[in-house]
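Here is the file entry_29.csv (CSV, N, CA and C atoms and all ligand atoms).
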chain,number,residue,atom,x,y,z
A,28,MET,N,10.0,5.7,0.6
A,28,MET,CA,10.5,6.5,-0.5
A,28,MET,C,9.9,7.9,-0.4
A,29,GLN,N,10.8,8.9,-0.7
A,29,GLN,CA,10.3,10.3,-0.7
A,29,GLN,C,9.9,10.8,-2.1
A,30,ILE,N,8.9,11.6,-2.1
A,30,ILE,CA,8.6,12.3,-3.4
A,30,ILE,C,8.4,13.8,-3.1
A,31,GLU,N,8.5,14.5,-4.1
A,31,GLU,CA,8.4,16.0,-4.0
A,31,GLU,C,7.0,16.4,-4.3
A,32,VAL,N,6.4,17.2,-3.4
A,32,VAL,CA,5.1,17.8,-3.6
A,32,VAL,C,5.2,19.3,-3.4
A,33,HIS,N,4.2,20.1,-3.7
A,33,HIS,CA,4.2,21.5,-3.5
A,33,HIS,C,4.1,21.8,-2.0
A,34,CYS,N,4.6,23.0,-1.6
A,34,CYS,CA,4.3,23.5,-0.3
A,34,CYS,C,2.9,24.0,-0.3
A,35,ASP,N,2.1,23.6,0.7
A,35,ASP,CA,0.7,24.0,0.7
A,35,ASP,C,0.4,25.4,1.2
A,36,ASP,N,1.4,26.0,1.7
A,36,ASP,CA,1.2,27.4,2.2
A,36,ASP,C,1.6,28.4,1.2
A,37,GLY,N,2.9,28.6,0.9
A,37,GLY,CA,3.3,29.5,-0.1
A,37,GLY,C,3.2,31.0,0.3
A,38,SER,N,2.9,31.2,1.6
A,38,SER,CA,2.7,32.6,2.0
A,38,SER,C,4.0,33.3,2.4
A,39,SER,N,5.0,32.6,2.6
A,39,SER,CA,6.3,33.2,3.0
A,39,SER,C,7.1,33.6,1.7
A,40,ARG,N,7.8,34.7,1.8
A,40,ARG,CA,8.6,35.1,0.6
A,40,ARG,C,9.8,34.1,0.5
A,41,ASN,N,10.1,33.4,1.6
A,41,ASN,CA,11.2,32.5,1.5
A,41,ASN,C,10.7,31.0,1.2
A,42,CYS,N,9.5,30.9,0.8
A,42,CYS,CA,8.9,29.6,0.5
A,42,CYS,C,9.8,28.9,-0.5
A,43,TYR,N,10.1,27.6,-0.2
A,43,TYR,CA,10.9,26.8,-1.0
A,43,TYR,C,10.1,26.3,-2.3
A,44,GLY,N,8.7,26.4,-2.2
A,44,GLY,CA,7.9,26.0,-3.3
A,44,GLY,C,7.6,24.5,-3.3
A,45,THR,N,8.5,23.7,-2.9
A,45,THR,CA,8.3,22.3,-2.8
A,45,THR,C,8.8,21.7,-1.5
A,46,VAL,N,8.3,20.6,-1.2
A,46,VAL,CA,8.6,19.9,0.1
A,46,VAL,C,8.6,18.4,-0.2
A,47,ASP,N,9.6,17.7,0.5
A,47,ASP,CA,9.6,16.2,0.3
A,47,ASP,C,8.7,15.6,1.3
A,48,ILE,N,7.9,14.6,0.8
A,48,ILE,CA,7.1,13.8,1.8
A,48,ILE,C,7.5,12.3,1.6
A,49,ASP,N,7.2,11.6,2.7
A,49,ASP,CA,7.4,10.1,2.6
A,49,ASP,C,6.2,9.4,2.2
A,50,LEU,N,6.3,8.5,1.2
A,50,LEU,CA,5.2,7.6,0.9
A,50,LEU,C,5.3,6.4,1.9
A,51,LYS,N,4.1,6.0,2.3
A,51,LYS,CA,4.1,4.9,3.3
A,51,LYS,C,4.4,3.5,2.8
A,52,TYR,N,4.3,3.4,1.4
A,52,TYR,CA,4.5,2.1,0.8
A,52,TYR,C,6.0,1.7,0.8
A,53,SER,N,6.3,0.5,1.0
A,53,SER,CA,7.7,0.0,0.9
A,53,SER,C,8.0,-0.6,-0.5
A,54,GLY,N,9.3,-0.6,-0.8
A,54,GLY,CA,9.7,-1.3,-2.0
A,54,GLY,C,9.4,-0.6,-3.3
A,55,LEU,N,9.2,0.7,-3.3
A,55,LEU,CA,9.0,1.4,-4.6
A,55,LEU,C,10.2,2.2,-5.0
A,56,TYR,N,10.4,2.3,-6.3
A,56,TYR,CA,11.5,3.1,-6.9
A,56,TYR,C,10.9,4.2,-7.6
A,57,HIS,N,11.7,5.2,-8.0
A,57,HIS,CA,11.1,6.4,-8.7
A,57,HIS,C,10.4,6.0,-9.9
A,58,GLU,N,10.8,4.9,-10.6
A,58,GLU,CA,10.1,4.6,-11.9
A,58,GLU,C,8.7,4.0,-11.6
A,59,ASN,N,8.4,3.7,-10.4
A,59,ASN,CA,7.1,3.1,-10.0
A,59,ASN,C,6.1,4.2,-9.7
A,60,VAL,N,6.6,5.5,-9.6
A,60,VAL,CA,5.8,6.5,-9.0
A,60,VAL,C,5.8,7.7,-10.0
A,61,THR,N,4.6,8.2,-10.3
A,61,THR,CA,4.4,9.4,-11.2
A,61,THR,C,3.6,10.4,-10.4
A,62,VAL,N,4.1,11.6,-10.2
A,62,VAL,CA,3.4,12.6,-9.5
A,62,VAL,C,2.7,13.5,-10.6
A,63,ASN,N,1.4,13.6,-10.4
A,63,ASN,CA,0.6,14.3,-11.4
A,63,ASN,C,0.3,15.8,-11.0
A,64,TRP,N,1.1,16.7,-11.6
A,64,TRP,CA,0.9,18.1,-11.2
A,64,TRP,C,-0.1,18.8,-12.1
A,65,ILE,N,-0.9,19.7,-11.5
A,65,ILE,CA,-1.9,20.5,-12.2
A,65,ILE,C,-1.7,21.9,-11.8
A,66,HIS,N,-2.4,22.8,-12.5
A,66,HIS,CA,-2.4,24.2,-12.1
A,66,HIS,C,-3.8,24.4,-11.3
A,67,ASP,N,-3.7,25.1,-10.2
A,67,ASP,CA,-4.9,25.4,-9.4
A,67,ASP,C,-5.5,26.7,-10.0
A,68,ASN,N,-6.6,27.2,-9.4
A,68,ASN,CA,-7.2,28.4,-10.0
A,68,ASN,C,-6.5,29.7,-9.8
A,69,ARG,N,-5.4,29.7,-9.0
A,69,ARG,CA,-4.5,30.8,-8.9
A,69,ARG,C,-3.2,30.7,-9.8
A,70,GLY,N,-3.2,29.6,-10.6
A,70,GLY,CA,-2.0,29.4,-11.5
A,70,GLY,C,-0.8,28.8,-10.8
A,71,ARG,N,-1.0,28.4,-9.6
A,71,ARG,CA,0.1,27.7,-8.9
A,71,ARG,C,0.1,26.2,-9.3
A,72,GLU,N,1.3,25.7,-9.4
A,72,GLU,CA,1.4,24.2,-9.7
A,72,GLU,C,1.2,23.5,-8.4
A,73,ILE,N,0.3,22.6,-8.4
A,73,ILE,CA,0.0,21.7,-7.2
A,73,ILE,C,-0.1,20.3,-7.6
A,74,VAL,N,0.1,19.4,-6.7
A,74,VAL,CA,0.0,18.0,-6.9
A,74,VAL,C,-1.4,17.6,-6.8
A,75,ASP,N,-1.9,17.0,-7.9
A,75,ASP,CA,-3.3,16.5,-7.9
A,75,ASP,C,-3.4,15.1,-7.4
A,76,SER,N,-2.5,14.2,-7.9
A,76,SER,CA,-2.5,12.8,-7.5
A,76,SER,C,-1.2,12.2,-7.7
A,77,ILE,N,-1.0,11.1,-7.1
A,77,ILE,CA,0.2,10.3,-7.2
A,77,ILE,C,-0.2,8.9,-7.8
A,78,ILE,N,0.4,8.6,-8.9
A,78,ILE,CA,0.0,7.4,-9.6
A,78,ILE,C,1.1,6.3,-9.4
A,79,ILE,N,0.8,5.2,-8.8
A,79,ILE,CA,1.7,4.2,-8.4
A,79,ILE,C,1.5,2.9,-9.3
A,80,THR,N,2.6,2.5,-9.9
A,80,THR,CA,2.6,1.3,-10.7
A,80,THR,C,3.4,0.2,-9.9
A,81,PRO,N,2.7,-0.7,-9.2
A,81,PRO,CA,3.4,-1.7,-8.4
A,81,PRO,C,4.3,-2.5,-9.3
A,82,PRO,N,5.6,-2.8,-8.8
A,82,PRO,CA,6.5,-3.6,-9.7
A,82,PRO,C,6.1,-5.0,-9.9
A,83,ASN,N,5.4,-5.6,-9.0
A,83,ASN,CA,5.0,-7.0,-9.2
A,83,ASN,C,3.9,-7.4,-8.1
A,84,SER,N,3.4,-8.6,-8.2
A,84,SER,CA,2.3,-9.0,-7.3
A,84,SER,C,2.8,-9.2,-5.9
A,85,ALA,N,4.1,-9.5,-5.7
A,85,ALA,CA,4.6,-9.6,-4.4
A,85,ALA,C,4.5,-8.3,-3.6
A,86,TRP,N,4.7,-7.2,-4.4
A,86,TRP,CA,4.6,-5.9,-3.8
A,86,TRP,C,3.3,-5.7,-3.2
A,87,VAL,N,2.2,-6.1,-3.9
A,87,VAL,CA,0.9,-5.9,-3.4
A,87,VAL,C,0.7,-6.6,-2.1
A,88,GLU,N,1.2,-7.8,-2.0
A,88,GLU,CA,1.1,-8.6,-0.7
A,88,GLU,C,1.9,-7.9,0.4
A,89,GLN,N,3.1,-7.4,0.1
A,89,GLN,CA,3.9,-6.7,1.1
A,89,GLN,C,3.2,-5.4,1.7
A,90,ASN,N,2.4,-4.8,0.8
A,90,ASN,CA,1.9,-3.5,1.1
A,90,ASN,C,0.4,-3.5,1.4
A,91,ARG,N,-0.2,-4.8,1.5
A,91,ARG,CA,-1.6,-4.9,1.6
A,91,ARG,C,-2.2,-4.1,2.7
A,92,ASP,N,-1.5,-3.9,3.8
A,92,ASP,CA,-2.1,-3.2,4.9
A,92,ASP,C,-2.3,-1.7,4.6
A,93,PHE,N,-1.6,-1.2,3.6
A,93,PHE,CA,-1.7,0.2,3.2
A,93,PHE,C,-2.7,0.4,2.0
A,94,LEU,N,-3.2,-0.7,1.4
A,94,LEU,CA,-4.0,-0.6,0.2
A,94,LEU,C,-5.4,-0.8,0.6
A,95,SER,N,-6.3,0.1,0.0
A,95,SER,CA,-7.7,-0.1,0.2
A,95,SER,C,-8.2,-1.1,-0.9
A,96,PRO,N,-9.4,-1.7,-0.6
A,96,PRO,CA,-10.0,-2.6,-1.6
A,96,PRO,C,-10.1,-2.0,-3.0
A,97,SER,N,-10.3,-0.7,-3.1
A,97,SER,CA,-10.4,-0.1,-4.4
A,97,SER,C,-9.0,0.1,-5.1
A,98,ASP,N,-8.0,0.3,-4.2
A,98,ASP,CA,-6.6,0.3,-4.8
A,98,ASP,C,-6.3,-1.1,-5.4
A,99,ILE,N,-6.6,-2.1,-4.7
A,99,ILE,CA,-6.3,-3.5,-5.2
A,99,ILE,C,-7.1,-3.8,-6.4
A,100,GLU,N,-8.3,-3.4,-6.4
A,100,GLU,CA,-9.2,-3.6,-7.6
A,100,GLU,C,-8.6,-2.9,-8.8
A,101,SER,N,-8.1,-1.6,-8.6
A,101,SER,CA,-7.5,-0.9,-9.7
A,101,SER,C,-6.2,-1.5,-10.2
A,102,ILE,N,-5.4,-2.0,-9.2
A,102,ILE,CA,-4.1,-2.7,-9.6
A,102,ILE,C,-4.5,-3.9,-10.5
A,103,GLU,N,-5.5,-4.7,-10.1
A,103,GLU,CA,-5.8,-5.9,-10.8
A,103,GLU,C,-6.3,-5.6,-12.2
A,104,LYS,N,-7.1,-4.5,-12.3
A,104,LYS,CA,-7.7,-4.1,-13.6
A,104,LYS,C,-6.7,-3.4,-14.5
A,105,ASP,N,-6.0,-2.4,-13.9
A,105,ASP,CA,-5.2,-1.5,-14.8
A,105,ASP,C,-3.7,-1.6,-14.5
A,106,GLY,N,-3.3,-2.3,-13.5
A,106,GLY,CA,-1.9,-2.4,-13.1
A,106,GLY,C,-1.3,-1.2,-12.4
A,107,ILE,N,-2.2,-0.2,-12.1
A,107,ILE,CA,-1.8,1.0,-11.4
A,107,ILE,C,-2.9,1.3,-10.3
A,108,PHE,N,-2.5,2.2,-9.4
A,108,PHE,CA,-3.6,2.8,-8.6
A,108,PHE,C,-3.1,4.3,-8.3
A,109,GLU,N,-4.1,5.1,-8.0
A,109,GLU,CA,-3.9,6.5,-7.9
A,109,GLU,C,-4.3,7.0,-6.4
A,110,VAL,N,-3.4,7.8,-5.9
A,110,VAL,CA,-3.6,8.3,-4.5
A,110,VAL,C,-3.9,9.8,-4.7
A,111,TYR,N,-5.0,10.2,-4.3
A,111,TYR,CA,-5.4,11.7,-4.5
A,111,TYR,C,-4.7,12.5,-3.3
A,112,TYR,N,-4.0,13.5,-3.7
A,112,TYR,CA,-3.2,14.2,-2.7
A,112,TYR,C,-4.2,14.9,-1.7
A,113,SER,N,-5.3,15.3,-2.1
A,113,SER,CA,-6.3,16.0,-1.2
A,113,SER,C,-6.8,15.0,-0.2
A,114,ASP,N,-6.7,13.7,-0.4
A,114,ASP,CA,-7.1,12.7,0.6
A,114,ASP,C,-6.1,12.5,1.7
A,115,ARG,N,-4.9,13.1,1.5
A,115,ARG,CA,-3.9,12.9,2.6
A,115,ARG,C,-4.3,13.7,3.8
A,116,PRO,N,-4.3,13.1,5.0
A,116,PRO,CA,-4.8,13.8,6.2
A,116,PRO,C,-4.0,15.1,6.5
A,117,HIS,N,-2.7,15.1,6.3
A,117,HIS,CA,-2.0,16.3,6.6
A,117,HIS,C,-1.3,16.9,5.3
A,118,HIS,N,-1.6,18.1,5.0
A,118,HIS,CA,-0.9,18.7,3.9
A,118,HIS,C,0.4,19.3,4.4
A,119,GLU,N,1.3,19.4,3.5
A,119,GLU,CA,2.7,19.7,3.9
A,119,GLU,C,3.1,21.1,3.6
A,120,VAL,N,3.8,21.8,4.5
A,120,VAL,CA,4.3,23.1,4.3
A,120,VAL,C,5.8,23.0,4.5
A,121,CYS,N,6.6,23.8,3.7
A,121,CYS,CA,8.0,23.9,3.9
A,121,CYS,C,8.4,24.5,5.2
A,122,SER,N,9.6,24.4,5.6
A,122,SER,CA,10.0,25.0,6.9
A,122,SER,C,10.0,26.5,6.9
A,123,ALA,N,10.1,27.1,5.7
A,123,ALA,CA,10.1,28.6,5.6
A,123,ALA,C,8.6,29.1,5.9
A,124,CYS,N,7.6,28.3,5.5
A,124,CYS,CA,6.2,28.7,5.8
A,124,CYS,C,5.8,28.1,7.1
A,125,GLY,N,6.5,27.2,7.6
A,125,GLY,CA,6.0,26.5,8.8
A,125,GLY,C,6.1,27.4,10.1
A,126,SER,N,5.3,27.1,11.1
A,126,SER,CA,5.2,28.0,12.2
A,126,SER,C,6.5,27.9,13.1
A,127,ASP,N,7.4,27.0,12.7
A,127,ASP,CA,8.7,26.9,13.5
A,127,ASP,C,9.7,28.0,13.1
A,128,GLN,N,9.4,28.8,12.0
A,128,GLN,CA,10.3,29.8,11.6
A,128,GLN,C,9.5,31.2,11.6
A,129,ASP,N,10.2,32.2,12.1
A,129,ASP,CA,9.5,33.6,12.1
A,129,ASP,C,10.4,34.5,11.3
A,130,TYR,N,9.7,35.4,10.5
A,130,TYR,CA,10.5,36.4,9.7
A,130,TYR,C,9.9,37.8,10.0
A,131,ASP,N,10.9,38.8,9.9
A,131,ASP,CA,10.4,40.2,10.1
A,131,ASP,C,10.0,40.7,8.7
A,132,ASP,N,9.6,42.0,8.6
A,132,ASP,CA,9.1,42.5,7.4
A,132,ASP,C,10.1,42.5,6.2
A,133,GLU,N,11.4,42.5,6.6
A,133,GLU,CA,12.4,42.5,5.6
A,133,GLU,C,12.8,41.1,5.1
A,134,GLY,N,12.1,40.1,5.7
A,134,GLY,CA,12.4,38.7,5.3
A,134,GLY,C,13.5,38.1,6.1
A,135,ASN,N,14.0,38.8,7.1
A,135,ASN,CA,15.1,38.2,7.9
A,135,ASN,C,14.5,37.1,8.8
A,136,ASN,N,15.3,36.1,9.0
A,136,ASN,CA,14.8,35.0,9.9
A,136,ASN,C,15.1,35.5,11.3
A,137,ILE,N,14.0,35.7,12.1
A,137,ILE,CA,14.2,36.1,13.5
A,137,ILE,C,13.8,35.1,14.5
A,138,THR,N,13.8,33.8,14.0
A,138,THR,CA,13.4,32.7,14.9
A,138,THR,C,14.1,32.7,16.2
A,139,ALA,N,15.4,32.9,16.1
A,139,ALA,CA,16.3,32.7,17.3
A,139,ALA,C,16.3,34.0,18.2
A,140,LEU,N,15.6,35.1,17.8
A,140,LEU,CA,15.7,36.3,18.6
A,140,LEU,C,14.7,36.2,19.8
B,1,ZN,ZN,6.4,27.1,1.7
Using structure tokens, write down the structure from this file.
Amino acid sequence: MQIEVHCDDGSSRNCYGTVDIDLKYSGLYHENVTVNWIHDNRGREIVDSIIITPPNSAWVEQNRDFLSPSDIESIEKDGIFEVYYSDRPHHEVCSACGSDQDYDDEGNNITAL
């Protein structure tokens, strides 16, 4: 399932602001996932954490390989677990900010030149 998070770069004038990422868990629907947005110290909206409410205990079995012992403990205790965005190994940037696109001073895409 894909969720929307902020672009981690934001340095390009063509920045999309958000980027879609894949969650590694299977069998989730949008109602099972809450993205927790906060403001950083520059006033930008950023994703702090992703709160997942597993639909049932079969889901926990299906996704056990992706769950840490503390995730499972949290599900058993509260019915939810929280993934901190800063713990993700790779932060995401949109293609406008990504190194695969180049822009001149006027903001024209000169990638193909
Ligand atoms: Zn961007």
Original post:
chain A: which residues are alpha helix (DSSP H) by DSSP, as a list in words?
Top reply: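 The alpha helix (DSSP H) residues within chain A come out as Ser84, Ala85, Trp86, Val87, Glu88, Gln89, Pro96, Ser97, Asp98, Ile99, Glu100, Ser101, Ile102, Glu103, Lys104 and Asp105 of chain A.
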Subject >> Option closest in space to Cys124 in chain A, from A:Gly54, A:Gly106, A:Gly44, A:Pro96 [counting only C-alpha atoms] >> reply: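 When distances to Cys124 in chain A are compared using only C-alpha atoms, the smallest one comes from A:Gly44.
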Determine, for each residue of chain A having at least one atom at most 7 Å from an atom of ligand ZN 1 (chain B), the closest pair of atoms and their separation in Å to one decimal, counting all atoms listed in the file; order by chain and ascending number, as a tab-separated table.
residue	atom	partner	partner_atom	distance
A:His33	C	B:ZN1	ZN	6.9
A:Cys34	CA	B:ZN1	ZN	4.6
A:Asp35	N	B:ZN1	ZN	5.6
A:Asp36	C	B:ZN1	ZN	5.0
A:Gly37	N	B:ZN1	ZN	3.9
A:Ser38	N	B:ZN1	ZN	5.4
A:Ser39	N	B:ZN1	ZN	5.7
A:Asn41	C	B:ZN1	ZN	5.8
A:Cys42	CA	B:ZN1	ZN	3.7
A:Tyr43	N	B:ZN1	ZN	4.2
A:Gly44	N	B:ZN1	ZN	4.6
A:Thr45	N	B:ZN1	ZN	6.1
A:Val120	C	B:ZN1	ZN	5.0
A:Cys121	N	B:ZN1	ZN	3.9
A:Ser122	N	B:ZN1	ZN	5.7
A:Ala123	C	B:ZN1	ZN	5.1
A:Cys124	N	B:ZN1	ZN	4.2
A:Gly125	N	B:ZN1	ZN	5.9
**OP:** Skip range 69-74 of chain A itself and residues of its chain fewer than 6 positions away, then list as a VMD selection string all residues within 6.5 Å of it, counting only N, CA and C atoms.
**Re:** chain A and resid 32 to 33 62 to 63 112
Original post:
Could you name the residues that touch Thr80 in chain A at 8 Å or less, counting only N, CA and C atoms, but leaving out those on the same chain fewer than 5 positions away, as a PyMOL selection string?
Top reply: chain A and resi 55+58-61+102+105-109
**OP:** List every residue of chain A that DSSP, applied to the backbone of this structure, places in strand (DSSP E or B), and write the result as an MDAnalysis selection string.
**Re:** chainID A and resid 29:33 45:49 60:66 72:79 108:111 130 136
**OP:** One decimal, Å: what's the distance from atom N of Ile30 in chain A over to atom N of Ala85 in chain A, could you say?
**Re:** 21.9 Å
Original post:
To one decimal place, how far is atom C of Ser97 in chain A from atom C of Tyr52 in chain A in Å?
Top reply: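 Straight-line distance from atom C of Ser97 in chain A to atom C of Tyr52 in chain A works out to 16.2 Å.
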Subject >> Given all atoms listed in the file as the counted atoms, nearest of A:Glu100, A:Glu31, A:Pro82, A:Ser76 to Tyr56 in chain A >> reply: A:Pro82
Original post:
Interatomic distance between CA of His117 in chain A and CA of Pro81 in chain A?
Top reply: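 One can read the CA of His117 in chain A to CA of Pro81 in chain A distance as 24.0 Å.
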